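First comes the structure, then the notes that go with it.
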Amino acid sequence: MRGLVVLVTLVCFASAQHQALIDYLERRLLAIEDRISLWHEQTTRYASELRELKQQMVSQLENLDKEKETLRMNVDSVGTRVDRVERELDYLETQNGAQPCVDVDDRLIEQQVTQVKDKQKAKYSKLSDCRDMISSIKAMKIIKRAGGPKGMWTKDTSRTTGNVYIFNGTDEDTIHEFASLQDLSRSLGMSLSKELKLPSAWKGTGHVVYNNHVYYISQVEEVMVVKYDMKNNVVVDSAVFPVQDYVPVFGLTPETMMDLAVDEEGLWAIYATRQNERHISLAKMDASSLDIEQMWDTNCPKENAEAAFVICGTLYVLYNTKQPGRSRIQCVFDVNDMVTNEDAPLIYFPKRYGAHSSLKYNPQERLLYAWDDGYQILYKLVMKKKLEV
């Protein structure tokens with residue numbers, strides 16, 4: 001009997017403990033559920049706040065991008081104006097030299113000024129009634145790839161038909177002459193060409209063929225313009241260009257010390273000197289005697305310039321980057337003051353292989369003959385009158 005009482009007592013005690021444990025677990029579960037509910041509420045609130053913060057940041061970033069673009073445009077505009085002012089100041093400095101530190105007779109000063117500045121100050125006398133300027137690039141035609149990375153090719157710029165001449169390299173003495181553009185196109189390398197050996201090596205890529213003569217730059221101690229008669233295979237004239245302290249005329253084509261060009265007005269020389277090192281200079285030459293008729297200091301910087309040409313008395317300078325991109329005409333200089341940089345359109349050339357090592361204008365065909373990383377390219381130009389800008 002006593003054992004039964006003990007057993008009942010133990011069972012009651014175990015049931016009480018079991019109920020207490022169940023009550024404890026229920027209280028813990030309720031507490032956990034409350035915490036989970038609170039965590040969900042806080043998580044929802046935090047997510048909502050984060051979304052609002054993200055929207056605010058996106059809005060702020062968009063506003064910052066707009067302000068950044070506006071600031072960049074303003075900086076570019078200011079930079080362009082500053083560059084223009086610097087070019088004008090540099091030009092004025094080159095035109096107005098420092099005053100002498102010694103007493104000199106007024107008549108001697110006047111005589112020296114007259115001798116030095118006559119060819120720069122005199123009004124240019126046009127030889128033709130050409131008033132055209134470039135409006136745009138209409139088309140590009142790749143003829144072939146014949147030659148090294150740098151060179152020059154052209155026709156005789158005084159004719160619409162005739163032979164094609166390849167000047168491969170920047171320090172050679174052999175011209176490759178093709179009977180026609182078709183022969184050049186279908187030739188395997190230079191196999192269909194006739195070789196024409198010059199009496200001396202050319203320097204750079206600044207040569208022209210004009211009136212059955214080759215005009216090329218030879219440089220040993222001084223820069224010399226050589227006129228070579230291709231019909232009689234003889235040098236008919238040569239002249240040391242009357243300028244001291246040469247520097248390469250194009251920042252991106254350092255092999256070219258001087259670039260000769262032909263347009264409707266005749267023969268031109270594009271060059272640069274240490275005195276006017278930051279900018280390009282221009283001279284009009286007599287194609288018969290190689291005399292200098294007139295000279296100008298332009299406001300076109302030589303830095304990042306890769307090539308240039310002349311049309312109707314207007315110098316067009318092409319610019320690029322050290323990592324070649326799209327070339328662009330970014331500076332013009334008109335000897336008759338009919339076109340300014342502000343008036344001329346900014347013209348981009350089609351994307352190509354590298355950078356131009358030479359550009360030669362043919363006034364008879366209205367075409368540009370370009371050499372680009374060994375490729376011979378033709379650019380067809382669209383023209384308009386200068387006063388129609």
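Ordering of the structure tokens sets the chain letters (A, B, ...); residue numbers start at 1 within each chain; ligands are numbered from 1 in the order shown.
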
Shell of 7 Å around A:Gly266, only C-alpha atoms, local chain residues under 3 positions omitted, as a list in words: Val262, Asp263 and Ala287 of chain A

Residue contacts of A:Leu196 (7 Å, only C-alpha atoms) excluding same-chain residues fewer than 5 positions away, as a list in words: Thr174, Ile175 and His176 of chain A

Spatial neighbours of A:Tyr271, 8 Å, only C-alpha atoms, chain gap at least 4 places, as an NGL selection string: :A and (246-249 or 257-259 or 280-282)

Shell of 6 Å around stretch 148-162 of chain A, only C-alpha atoms, local chain residues under 5 positions omitted, as a VMD selection string: chain A and resid 167 to 169 205 209 to 211 357 to 358 362 364 to 365 371 373 to 374

Store the residues of this selection in a file with N, CA, C and O atoms, as a short mmCIF file (atom, residue, chain, number, x, y, z; two decimals), in the first residue's frame.
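This went into result_4.cif:
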data_model
loop_
_atom_site.label_atom_id
_atom_site.label_comp_id
_atom_site.auth_asym_id
_atom_site.auth_seq_id
_atom_site.Cartn_x
_atom_site.Cartn_y
_atom_site.Cartn_z
N PHE A 167 56.31 58.09 -103.04
CA PHE A 167 57.51 58.40 -102.26
C PHE A 167 57.43 57.57 -100.98
O PHE A 167 56.80 58.00 -100.00
N ASN A 168 58.02 56.40 -100.98
CA ASN A 168 57.92 55.48 -99.85
C ASN A 168 59.03 55.76 -98.84
O ASN A 168 60.22 55.70 -99.17
N GLY A 169 58.65 56.10 -97.60
CA GLY A 169 59.65 56.37 -96.58
C GLY A 169 59.89 57.85 -96.39
O GLY A 169 59.33 58.71 -97.10
N THR A 205 58.14 63.97 -95.56
CA THR A 205 57.07 63.62 -96.51
C THR A 205 56.50 64.86 -97.20
O THR A 205 55.40 64.81 -97.72
N VAL A 209 54.74 67.10 -106.80
CA VAL A 209 55.06 66.99 -108.23
C VAL A 209 54.20 68.03 -108.94
O VAL A 209 52.97 68.01 -108.82
N TYR A 210 54.88 68.95 -109.67
CA TYR A 210 54.18 70.11 -110.23
C TYR A 210 54.83 70.49 -111.55
O TYR A 210 56.04 70.73 -111.62
N ASN A 211 54.02 70.52 -112.61
CA ASN A 211 54.51 70.89 -113.94
C ASN A 211 55.71 70.04 -114.37
O ASN A 211 56.74 70.55 -114.83
N SER A 357 50.52 60.66 -92.51
CA SER A 357 51.89 61.16 -92.58
C SER A 357 52.04 62.21 -93.68
O SER A 357 53.03 62.95 -93.70
N SER A 358 51.05 62.30 -94.58
CA SER A 358 51.06 63.34 -95.61
C SER A 358 49.66 63.50 -96.19
O SER A 358 48.88 62.55 -96.21
N ASN A 362 45.17 68.14 -104.86
CA ASN A 362 45.29 68.30 -106.30
C ASN A 362 44.22 69.29 -106.75
O ASN A 362 43.02 68.98 -106.74
N GLN A 364 43.37 70.37 -109.59
CA GLN A 364 42.67 70.02 -110.82
C GLN A 364 41.54 69.03 -110.55
O GLN A 364 40.46 69.11 -111.15
N GLU A 365 41.77 68.10 -109.65
CA GLU A 365 40.79 67.06 -109.35
C GLU A 365 39.93 67.37 -108.13
O GLU A 365 38.92 66.70 -107.89
N TRP A 371 48.36 59.54 -97.19
CA TRP A 371 49.14 58.35 -96.85
C TRP A 371 48.86 58.04 -95.38
O TRP A 371 49.13 58.85 -94.50
N ASP A 373 49.51 55.02 -92.70
CA ASP A 373 50.07 53.73 -92.26
C ASP A 373 50.29 52.79 -93.45
O ASP A 373 50.01 51.59 -93.38
N GLY A 374 50.80 53.32 -94.56
CA GLY A 374 51.08 52.52 -95.74
C GLY A 374 49.94 52.42 -96.72
O GLY A 374 50.13 51.93 -97.85
#

Mind checking which residues fall within 7 Å of stretch 182-194 of chain A, counting only C-alpha atoms, ignoring those fewer than 5 positions away in the same chain, and posting them as JSON, numbers by chain? {"A": [143, 144, 146, 176, 177]}

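Nearest to A:Met230 of all the residues A:Gly204, A:Ile134, A:Ile217, A:Pro199 is A:Pro199, counting only C-alpha atoms.
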
Nearest residue to A:Asp291 from the set A:Phe309, A:Leu260, A:Gln17, A:Ser238 (distances using only C-alpha atoms):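 Ranking A:Phe309, A:Leu260, A:Gln17, A:Ser238 by distance to A:Asp291, first place goes to A:Ser238.
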
So which one's closest to A:Ala355, A:Thr340, A:Asn63, A:Ser136, A:Asn304? Using only C-alpha atoms, please. A:Asn304

Using DSSP on the backbone coordinates, identify all residues within stretch 272-370 of chain A classified as strand (DSSP E); present the result as a PyMOL selection string. chain A and resi 279-285+292-301+305-311+314-319+328-334+347-348+356-362+367-370

Taking the DSSP secondary structure from the backbone, can you list the residues of stretch 126-371 of chain A that are helix (DSSP H, G or I), as a ChimeraX atom specification? /A:181-186

Kindly export the residues of the current selection with C-alpha atoms, as a short mmCIF file (atom, residue, chain, number, x, y, z; two decimals), in the first residue's frame.
data_model
loop_
_atom_site.label_atom_id
_atom_site.label_comp_id
_atom_site.auth_asym_id
_atom_site.auth_seq_id
_atom_site.Cartn_x
_atom_site.Cartn_y
_atom_site.Cartn_z
CA LEU A 181 45.93 54.92 -110.88
CA GLN A 182 44.63 51.63 -112.29
CA ASP A 183 48.20 50.30 -112.59
CA LEU A 184 48.83 51.20 -108.96
CA SER A 185 45.62 49.45 -107.88
CA ARG A 186 46.36 46.16 -109.64
#

Fewer than 3 positions away in the same chain doesn't count, so skip those; otherwise give me all residues within 12 Å of A:Pro345, counting only C-alpha atoms, as an mmCIF file with C-alpha atoms, in the first residue's frame.
data_model
loop_
_atom_site.group_PDB
_atom_site.id
_atom_site.type_symbol
_atom_site.label_atom_id
_atom_site.label_comp_id
_atom_site.auth_asym_id
_atom_site.auth_seq_id
_atom_site.Cartn_x
_atom_site.Cartn_y
_atom_site.Cartn_z
ATOM 1 C CA MET A 133 36.925 76.527 -99.098
ATOM 2 C CA ILE A 134 36.184 73.066 -97.732
ATOM 3 C CA SER A 135 32.631 72.416 -96.610
ATOM 4 C CA SER A 136 32.874 68.685 -95.820
ATOM 5 C CA ILE A 137 34.441 65.338 -96.753
ATOM 6 C CA TYR A 316 44.190 73.813 -93.360
ATOM 7 C CA ARG A 328 40.123 66.880 -87.719
ATOM 8 C CA ILE A 329 40.714 70.244 -89.335
ATOM 9 C CA GLN A 330 40.939 72.388 -86.239
ATOM 10 C CA CYS A 331 42.831 75.447 -87.483
ATOM 11 C CA VAL A 332 42.739 77.447 -90.702
ATOM 12 C CA VAL A 339 38.225 82.917 -93.397
ATOM 13 C CA THR A 340 38.904 82.672 -89.653
ATOM 14 C CA ASN A 341 38.881 79.758 -87.208
ATOM 15 C CA GLU A 342 35.559 80.982 -85.867
ATOM 16 C CA TYR A 348 36.372 65.347 -89.073
ATOM 17 C CA MET A 383 33.488 73.000 -101.534
ATOM 18 C CA LYS A 384 31.667 76.275 -100.967
ATOM 19 C CA LYS A 386 34.479 81.580 -98.566
ATOM 20 C CA GLU A 388 29.103 81.832 -97.724
ATOM 21 C CA VAL A 389 30.236 80.599 -94.310
#
